[in-house]
$ cat coords.cif   # mmCIF, N, CA and C atoms
data_input
loop_
_atom_site.label_atom_id
_atom_site.label_comp_id
_atom_site.auth_asym_id
_atom_site.auth_seq_id
_atom_site.Cartn_x
_atom_site.Cartn_y
_atom_site.Cartn_z
N ALA Z 1 0.83 -1.20 0.00
CA ALA Z 1 0.00 0.00 0.00
C ALA Z 1 0.88 1.26 0.00
N ASP Z 2 1.98 1.21 0.75
CA ASP Z 2 2.86 2.37 0.83
C ASP Z 2 3.53 2.63 -0.51
N ILE Z 3 3.91 1.56 -1.21
CA ILE Z 3 4.56 1.71 -2.51
C ILE Z 3 3.58 2.28 -3.53
N SER Z 4 2.34 1.81 -3.52
CA SER Z 4 1.36 2.32 -4.49
C SER Z 4 1.06 3.79 -4.24
N ASN Z 5 1.07 4.23 -2.98
CA ASN Z 5 0.89 5.66 -2.66
C ASN Z 5 2.02 6.48 -3.28
N LYS Z 6 3.26 6.01 -3.13
CA LYS Z 6 4.40 6.73 -3.68
C LYS Z 6 4.33 6.79 -5.21
N VAL Z 7 3.96 5.69 -5.84
CA VAL Z 7 3.83 5.66 -7.30
C VAL Z 7 2.74 6.62 -7.74
N PHE Z 8 1.60 6.62 -7.06
CA PHE Z 8 0.50 7.52 -7.42
C PHE Z 8 0.93 8.98 -7.28
N LYS Z 9 1.63 9.32 -6.19
CA LYS Z 9 2.10 10.69 -5.99
C LYS Z 9 3.08 11.09 -7.09
N MET Z 10 3.99 10.19 -7.45
CA MET Z 10 4.96 10.50 -8.50
C MET Z 10 4.25 10.69 -9.84
N ALA Z 11 3.27 9.84 -10.15
CA ALA Z 11 2.55 9.94 -11.41
C ALA Z 11 1.76 11.25 -11.48
N SER Z 12 1.11 11.63 -10.36
CA SER Z 12 0.32 12.86 -10.38
C SER Z 12 1.21 14.09 -10.51
N ILE Z 13 2.38 14.07 -9.89
CA ILE Z 13 3.31 15.18 -10.03
C ILE Z 13 3.79 15.26 -11.46
N ASP Z 14 4.07 14.13 -12.07
CA ASP Z 14 4.51 14.10 -13.45
C ASP Z 14 3.43 14.67 -14.38
N ILE Z 15 2.19 14.33 -14.15
CA ILE Z 15 1.09 14.85 -14.96
C ILE Z 15 0.97 16.36 -14.77
N ILE Z 16 1.06 16.82 -13.55
CA ILE Z 16 0.99 18.26 -13.29
C ILE Z 16 2.15 18.99 -13.96
N ASP Z 17 3.35 18.42 -13.86
CA ASP Z 17 4.50 19.02 -14.54
C ASP Z 17 4.26 19.12 -16.05
N ARG Z 18 3.73 18.06 -16.62
CA ARG Z 18 3.48 18.07 -18.07
C ARG Z 18 2.45 19.13 -18.45
N ILE Z 19 1.42 19.28 -17.66
CA ILE Z 19 0.42 20.32 -17.93
C ILE Z 19 1.06 21.70 -17.83
N ILE Z 20 1.86 21.91 -16.81
CA ILE Z 20 2.54 23.20 -16.63
C ILE Z 20 3.49 23.46 -17.80
N ILE Z 21 4.21 22.44 -18.23
CA ILE Z 21 5.14 22.59 -19.35
C ILE Z 21 4.39 22.99 -20.62
N VAL Z 22 3.26 22.38 -20.89
CA VAL Z 22 2.46 22.74 -22.07
C VAL Z 22 2.03 24.20 -21.99
N TRP Z 23 1.54 24.62 -20.83
CA TRP Z 23 1.11 26.02 -20.68
C TRP Z 23 2.29 26.98 -20.79
N LEU Z 24 3.44 26.61 -20.27
CA LEU Z 24 4.63 27.47 -20.41
C LEU Z 24 5.00 27.65 -21.88
N TRP Z 25 4.90 26.59 -22.67
CA TRP Z 25 5.18 26.72 -24.11
C TRP Z 25 4.14 27.59 -24.80
N ILE Z 26 2.88 27.49 -24.39
CA ILE Z 26 1.84 28.36 -24.96
C ILE Z 26 2.13 29.82 -24.62
N PHE Z 27 2.45 30.09 -23.36
CA PHE Z 27 2.78 31.46 -22.95
C PHE Z 27 4.01 31.96 -23.70
N ALA Z 28 5.00 31.10 -23.89
CA ALA Z 28 6.21 31.49 -24.62
C ALA Z 28 5.85 31.85 -26.06
N GLY Z 29 4.98 31.08 -26.67
CA GLY Z 29 4.56 31.38 -28.03
C GLY Z 29 3.86 32.72 -28.15
N VAL Z 30 2.99 33.00 -27.19
CA VAL Z 30 2.30 34.29 -27.18
C VAL Z 30 3.31 35.42 -26.99
N ALA Z 31 4.21 35.25 -26.02
CA ALA Z 31 5.17 36.31 -25.69
C ALA Z 31 6.22 36.51 -26.78
N LEU Z 32 6.63 35.45 -27.44
CA LEU Z 32 7.73 35.56 -28.40
C LEU Z 32 7.28 35.68 -29.86
N ILE Z 33 6.03 35.32 -30.16
CA ILE Z 33 5.57 35.38 -31.55
C ILE Z 33 4.42 36.36 -31.71
N PHE Z 34 3.32 36.13 -31.00
CA PHE Z 34 2.13 36.96 -31.20
C PHE Z 34 2.35 38.41 -30.79
N GLU Z 35 2.80 38.63 -29.57
CA GLU Z 35 2.92 40.01 -29.07
C GLU Z 35 3.93 40.85 -29.86
N PRO Z 36 5.11 40.34 -30.23
CA PRO Z 36 6.00 41.19 -31.03
C PRO Z 36 5.40 41.56 -32.38
N LEU Z 37 4.68 40.63 -33.00
CA LEU Z 37 4.08 40.94 -34.29
C LEU Z 37 3.06 42.06 -34.16
N VAL Z 38 2.31 42.06 -33.07
CA VAL Z 38 1.29 43.08 -32.88
C VAL Z 38 1.93 44.39 -32.40
N TYR Z 39 2.70 44.33 -31.32
CA TYR Z 39 3.21 45.56 -30.72
C TYR Z 39 4.28 46.25 -31.55
N PHE Z 40 5.12 45.46 -32.22
CA PHE Z 40 6.20 46.07 -32.97
C PHE Z 40 5.89 46.15 -34.46
N GLY Z 41 4.84 45.48 -34.89
CA GLY Z 41 4.51 45.50 -36.31
C GLY Z 41 3.24 46.25 -36.62
N CYS Z 42 2.35 46.42 -35.65
CA CYS Z 42 1.04 46.98 -35.94
C CYS Z 42 0.64 48.08 -34.96
N LEU Z 43 1.59 48.83 -34.43
CA LEU Z 43 1.28 49.98 -33.58
C LEU Z 43 1.77 51.25 -34.26
N SER Z 44 0.96 52.29 -34.22
CA SER Z 44 1.42 53.57 -34.74
C SER Z 44 2.27 54.26 -33.67
N SER Z 45 2.87 55.37 -34.02
CA SER Z 45 3.77 56.05 -33.08
C SER Z 45 3.04 56.60 -31.87
N ASP Z 46 1.74 56.87 -31.98
CA ASP Z 46 1.01 57.39 -30.83
C ASP Z 46 0.39 56.29 -29.98
N GLY Z 47 0.74 55.03 -30.28
CA GLY Z 47 0.30 53.92 -29.46
C GLY Z 47 -1.05 53.36 -29.83
N VAL Z 48 -1.64 53.88 -30.90
CA VAL Z 48 -2.92 53.32 -31.34
C VAL Z 48 -2.63 52.02 -32.06
N SER Z 49 -3.32 51.00 -31.66
CA SER Z 49 -3.13 49.71 -32.30
C SER Z 49 -3.69 49.77 -33.70
N ILE Z 50 -2.80 49.77 -34.69
CA ILE Z 50 -3.26 49.80 -36.07
C ILE Z 50 -4.06 48.55 -36.36
N SER Z 51 -3.72 47.47 -35.68
CA SER Z 51 -4.46 46.22 -35.91
C SER Z 51 -5.90 46.35 -35.46
N ALA Z 52 -6.19 47.30 -34.58
CA ALA Z 52 -7.57 47.53 -34.16
C ALA Z 52 -8.29 48.44 -35.15
N ASP Z 53 -7.53 49.11 -36.03
CA ASP Z 53 -8.11 49.95 -37.07
C ASP Z 53 -8.22 49.09 -38.33
N TRP Z 54 -9.41 48.61 -38.62
CA TRP Z 54 -9.61 47.61 -39.66
C TRP Z 54 -9.31 48.16 -41.06
N ARG Z 55 -9.09 49.47 -41.19
CA ARG Z 55 -8.84 50.05 -42.51
C ARG Z 55 -7.39 49.95 -42.95
N ILE Z 56 -6.47 49.66 -42.06
CA ILE Z 56 -5.05 49.58 -42.41
C ILE Z 56 -4.78 48.19 -43.00
N SER Z 57 -4.35 48.15 -44.24
CA SER Z 57 -4.32 46.88 -44.97
C SER Z 57 -3.30 45.87 -44.43
N HIS Z 58 -2.09 46.28 -44.07
CA HIS Z 58 -1.08 45.28 -43.71
C HIS Z 58 -1.34 44.60 -42.38
N CYS Z 59 -2.25 45.12 -41.59
CA CYS Z 59 -2.56 44.49 -40.30
C CYS Z 59 -3.98 43.95 -40.23
N GLN Z 60 -4.72 44.04 -41.32
CA GLN Z 60 -6.11 43.62 -41.21
C GLN Z 60 -6.37 42.23 -41.77
N GLU Z 61 -5.37 41.61 -42.34
CA GLU Z 61 -5.59 40.32 -42.96
C GLU Z 61 -4.98 39.20 -42.13
N GLY Z 62 -5.56 38.06 -42.23
CA GLY Z 62 -4.96 36.86 -41.65
C GLY Z 62 -5.35 36.57 -40.22
N ILE Z 63 -4.70 35.55 -39.72
CA ILE Z 63 -5.03 35.04 -38.40
C ILE Z 63 -4.64 36.02 -37.29
N MET Z 64 -3.55 36.79 -37.49
CA MET Z 64 -3.14 37.77 -36.47
C MET Z 64 -4.26 38.77 -36.22
N GLN Z 65 -4.87 39.25 -37.28
CA GLN Z 65 -5.94 40.22 -37.14
C GLN Z 65 -7.15 39.60 -36.45
N THR Z 66 -7.48 38.38 -36.80
CA THR Z 66 -8.62 37.70 -36.18
C THR Z 66 -8.40 37.54 -34.68
N ILE Z 67 -7.19 37.09 -34.33
CA ILE Z 67 -6.87 36.93 -32.91
C ILE Z 67 -6.88 38.27 -32.21
N TRP Z 68 -6.31 39.30 -32.87
CA TRP Z 68 -6.24 40.62 -32.25
C TRP Z 68 -7.64 41.20 -32.01
N ARG Z 69 -8.56 40.97 -32.92
CA ARG Z 69 -9.93 41.47 -32.73
C ARG Z 69 -10.54 40.87 -31.46
N MET Z 70 -10.34 39.57 -31.26
CA MET Z 70 -10.86 38.94 -30.04
C MET Z 70 -10.16 39.51 -28.81
N TYR Z 71 -8.85 39.67 -28.90
CA TYR Z 71 -8.04 40.19 -27.80
C TYR Z 71 -8.49 41.59 -27.41
N ALA Z 72 -8.63 42.47 -28.41
CA ALA Z 72 -8.99 43.86 -28.15
C ALA Z 72 -10.45 43.99 -27.70
N SER Z 73 -11.31 43.11 -28.16
CA SER Z 73 -12.71 43.19 -27.71
C SER Z 73 -12.83 42.75 -26.26
N TRP Z 74 -11.96 41.84 -25.82
CA TRP Z 74 -11.98 41.38 -24.44
C TRP Z 74 -11.32 42.41 -23.52
N ASP Z 75 -10.27 43.06 -24.01
CA ASP Z 75 -9.54 44.05 -23.21
C ASP Z 75 -9.30 45.29 -24.05
N PRO Z 76 -10.25 46.24 -24.05
CA PRO Z 76 -10.15 47.41 -24.93
C PRO Z 76 -8.95 48.32 -24.65
N LEU Z 77 -8.28 48.13 -23.53
CA LEU Z 77 -7.08 48.91 -23.25
C LEU Z 77 -6.03 48.72 -24.34
N PHE Z 78 -6.07 47.57 -25.01
CA PHE Z 78 -5.10 47.27 -26.05
C PHE Z 78 -5.43 47.93 -27.39
N ILE Z 79 -6.56 48.60 -27.50
CA ILE Z 79 -6.85 49.33 -28.72
C ILE Z 79 -6.00 50.60 -28.78
N ARG Z 80 -5.88 51.30 -27.68
CA ARG Z 80 -4.99 52.45 -27.59
C ARG Z 80 -4.03 52.16 -26.44
N VAL Z 81 -2.86 51.69 -26.78
CA VAL Z 81 -1.91 51.18 -25.79
C VAL Z 81 -1.17 52.35 -25.13
N PRO Z 82 -1.39 52.56 -23.81
CA PRO Z 82 -0.68 53.64 -23.11
C PRO Z 82 0.81 53.30 -22.94
N PRO Z 83 1.64 54.32 -22.71
CA PRO Z 83 3.10 54.09 -22.61
C PRO Z 83 3.49 53.04 -21.57
N PHE Z 84 2.86 53.05 -20.38
CA PHE Z 84 3.26 52.06 -19.36
C PHE Z 84 2.99 50.65 -19.84
N LEU Z 85 1.92 50.46 -20.62
CA LEU Z 85 1.59 49.13 -21.11
C LEU Z 85 2.54 48.72 -22.23
N ARG Z 86 3.00 49.68 -23.04
CA ARG Z 86 4.00 49.36 -24.06
C ARG Z 86 5.29 48.88 -23.40
N ILE Z 87 5.68 49.51 -22.29
CA ILE Z 87 6.87 49.09 -21.56
C ILE Z 87 6.67 47.68 -21.01
N MET Z 88 5.51 47.45 -20.41
CA MET Z 88 5.22 46.13 -19.86
C MET Z 88 5.22 45.06 -20.95
N CYS Z 89 4.71 45.40 -22.13
CA CYS Z 89 4.68 44.44 -23.23
C CYS Z 89 6.09 44.17 -23.74
N GLY Z 90 6.95 45.19 -23.71
CA GLY Z 90 8.35 44.98 -24.06
C GLY Z 90 9.03 44.04 -23.09
N ILE Z 91 8.74 44.21 -21.81
CA ILE Z 91 9.28 43.29 -20.78
C ILE Z 91 8.76 41.88 -21.02
N GLU Z 92 7.48 41.78 -21.37
CA GLU Z 92 6.88 40.48 -21.66
C GLU Z 92 7.63 39.79 -22.79
N VAL Z 93 7.93 40.54 -23.84
CA VAL Z 93 8.57 39.95 -25.01
C VAL Z 93 10.02 39.57 -24.72
N PHE Z 94 10.80 40.49 -24.15
CA PHE Z 94 12.24 40.29 -24.06
C PHE Z 94 12.70 39.59 -22.78
N ILE Z 95 11.90 39.61 -21.72
CA ILE Z 95 12.31 38.97 -20.46
C ILE Z 95 11.44 37.76 -20.15
N PHE Z 96 10.13 37.96 -20.15
CA PHE Z 96 9.25 36.85 -19.78
C PHE Z 96 9.24 35.75 -20.84
N GLY Z 97 9.26 36.11 -22.11
CA GLY Z 97 9.24 35.10 -23.18
C GLY Z 97 10.36 34.08 -23.02
N PRO Z 98 11.63 34.52 -22.97
CA PRO Z 98 12.72 33.56 -22.75
C PRO Z 98 12.61 32.83 -21.40
N SER Z 99 12.05 33.49 -20.40
CA SER Z 99 11.90 32.84 -19.09
C SER Z 99 10.88 31.71 -19.15
N TYR Z 100 9.82 31.88 -19.95
CA TYR Z 100 8.87 30.77 -20.13
C TYR Z 100 9.57 29.58 -20.78
N VAL Z 101 10.38 29.84 -21.80
CA VAL Z 101 11.10 28.76 -22.48
C VAL Z 101 12.07 28.07 -21.50
N LEU Z 102 12.84 28.86 -20.78
CA LEU Z 102 13.79 28.30 -19.82
C LEU Z 102 13.07 27.46 -18.76
N SER Z 103 11.95 27.96 -18.26
CA SER Z 103 11.19 27.22 -17.24
C SER Z 103 10.66 25.91 -17.80
N ALA Z 104 10.14 25.94 -19.02
CA ALA Z 104 9.63 24.70 -19.64
C ALA Z 104 10.75 23.69 -19.81
N LEU Z 105 11.91 24.15 -20.26
CA LEU Z 105 13.04 23.24 -20.44
C LEU Z 105 13.52 22.66 -19.11
N CYS Z 106 13.61 23.51 -18.09
CA CYS Z 106 14.07 23.04 -16.78
C CYS Z 106 13.09 22.06 -16.15
N LEU Z 107 11.79 22.30 -16.31
CA LEU Z 107 10.81 21.36 -15.76
C LEU Z 107 10.81 20.04 -16.52
N SER Z 108 11.28 20.07 -17.77
CA SER Z 108 11.36 18.84 -18.55
C SER Z 108 12.50 17.94 -18.08
N MET Z 109 13.49 18.54 -17.44
CA MET Z 109 14.63 17.76 -16.94
C MET Z 109 14.25 17.07 -15.63
N LYS Z 110 14.70 15.86 -15.49
CA LYS Z 110 14.46 15.14 -14.25
C LYS Z 110 15.79 14.72 -13.66
N PRO Z 111 16.23 15.26 -12.57
CA PRO Z 111 15.64 16.36 -11.81
C PRO Z 111 16.00 17.70 -12.45
N PRO Z 112 15.22 18.73 -12.15
CA PRO Z 112 15.57 20.06 -12.67
C PRO Z 112 16.88 20.54 -12.06
N PRO Z 113 17.55 21.49 -12.72
CA PRO Z 113 18.81 22.01 -12.16
C PRO Z 113 18.61 22.55 -10.74
N LEU Z 114 19.67 22.49 -9.95
CA LEU Z 114 19.59 22.92 -8.56
C LEU Z 114 19.24 24.41 -8.42
N TRP Z 115 19.63 25.22 -9.37
CA TRP Z 115 19.37 26.66 -9.30
C TRP Z 115 17.95 27.01 -9.72
N PHE Z 116 17.22 26.06 -10.33
CA PHE Z 116 15.91 26.37 -10.88
C PHE Z 116 14.87 26.81 -9.85
N PRO Z 117 14.76 26.20 -8.67
CA PRO Z 117 13.73 26.67 -7.73
C PRO Z 117 13.89 28.15 -7.36
N GLY Z 118 15.12 28.61 -7.17
CA GLY Z 118 15.35 30.03 -6.88
C GLY Z 118 14.96 30.91 -8.05
N TYR Z 119 15.32 30.47 -9.25
CA TYR Z 119 14.95 31.21 -10.46
C TYR Z 119 13.43 31.25 -10.62
N ALA Z 120 12.78 30.10 -10.42
CA ALA Z 120 11.32 30.02 -10.56
C ALA Z 120 10.62 30.94 -9.55
N LEU Z 121 11.16 31.03 -8.35
CA LEU Z 121 10.58 31.91 -7.34
C LEU Z 121 10.71 33.37 -7.78
N PHE Z 122 11.88 33.75 -8.27
CA PHE Z 122 12.09 35.11 -8.77
C PHE Z 122 11.16 35.40 -9.95
N PHE Z 123 11.07 34.47 -10.89
CA PHE Z 123 10.23 34.64 -12.08
C PHE Z 123 8.75 34.74 -11.70
N SER Z 124 8.30 33.91 -10.78
CA SER Z 124 6.89 33.97 -10.37
C SER Z 124 6.60 35.29 -9.66
N GLY Z 125 7.57 35.80 -8.89
CA GLY Z 125 7.39 37.11 -8.25
C GLY Z 125 7.29 38.22 -9.29
N ALA Z 126 8.11 38.14 -10.35
CA ALA Z 126 8.05 39.14 -11.42
C ALA Z 126 6.72 39.07 -12.15
N LEU Z 127 6.22 37.86 -12.38
CA LEU Z 127 4.91 37.72 -13.03
C LEU Z 127 3.80 38.28 -12.14
N PHE Z 128 3.88 38.01 -10.85
CA PHE Z 128 2.87 38.53 -9.92
C PHE Z 128 2.89 40.06 -9.91
N TYR Z 129 4.08 40.64 -9.83
CA TYR Z 129 4.24 42.10 -9.83
C TYR Z 129 3.67 42.70 -11.12
N SER Z 130 3.98 42.07 -12.24
CA SER Z 130 3.49 42.55 -13.53
C SER Z 130 1.97 42.49 -13.59
N THR Z 131 1.41 41.42 -13.07
CA THR Z 131 -0.05 41.27 -13.07
C THR Z 131 -0.71 42.31 -12.18
N VAL Z 132 -0.14 42.55 -11.01
CA VAL Z 132 -0.70 43.55 -10.09
C VAL Z 132 -0.58 44.95 -10.70
N LEU Z 133 0.55 45.25 -11.32
CA LEU Z 133 0.75 46.55 -11.96
C LEU Z 133 -0.24 46.78 -13.08
N TYR Z 134 -0.51 45.75 -13.85
CA TYR Z 134 -1.46 45.87 -14.95
C TYR Z 134 -2.86 46.07 -14.42
#

$ encode --input "coords.cif" --output "structure tokens"
Amino acid sequence: ADISNKVFKMASIDIIDRIIIVWLWIFAGVALIFEPLVYFGCLSSDGVSISADWRISHCQEGIMQTIWRMYASWDPLFIRVPPFLRIMCGIEVFIFGPSYVLSALCLSMKPPPLWFPGYALFFSGALFYSTVLY
């Protein structure tokens, strides 16, 4: 009975790790692919999301525009992006994006590197701070 408890606990932790790893890769994709294309490719100099202006041709076609319409309708703050949010989005792209990848890779290792728990604590604190600031 004691051995089956240990096996069950190990299997459930492994499943949770796998779910977390999948979500980390999804977040990395958003931070490293979707957000740079929108923020650095479809914003005017005054911070108006050109992708939210359906008349601008280079940002109105394709899947990026479809996703952006859903994104902006859910959170209208992204239609006219204020300077503090542009800074936060830059941090998301250049710091959080690689951190999602690093975290997914480290969680994939068994056991993870010894330095990873400290890094994960720092990264989770940065994510919490960013979320509260937003």

$ atom_distance --input "coords.cif" --atom1 "CA of Met70 (chain Z)" --atom2 "CA of Ile19 (chain Z)"
24.9 Å

$ atom_distance --input "coords.cif" --atom1 "CA of Phe122 (chain Z)" --atom2 "CA of Leu85 (chain Z)"
21.4 Å

$ atom_distance --input "coords.cif" --atom1 "CA of Pro117 (chain Z)" --atom2 "atom C of Ser99 (chain Z)"
12.8 Å

$ resolve_selection --input "coords.cif" --expression "the PyMOL selection byres (((chain Z and resi 23-34 and name CA) around 9) and name CA)" --output "VMD selection string"
chain Z and resid 18 to 22 35 to 39 64 89 92 to 94 96 to 101 103 to 104
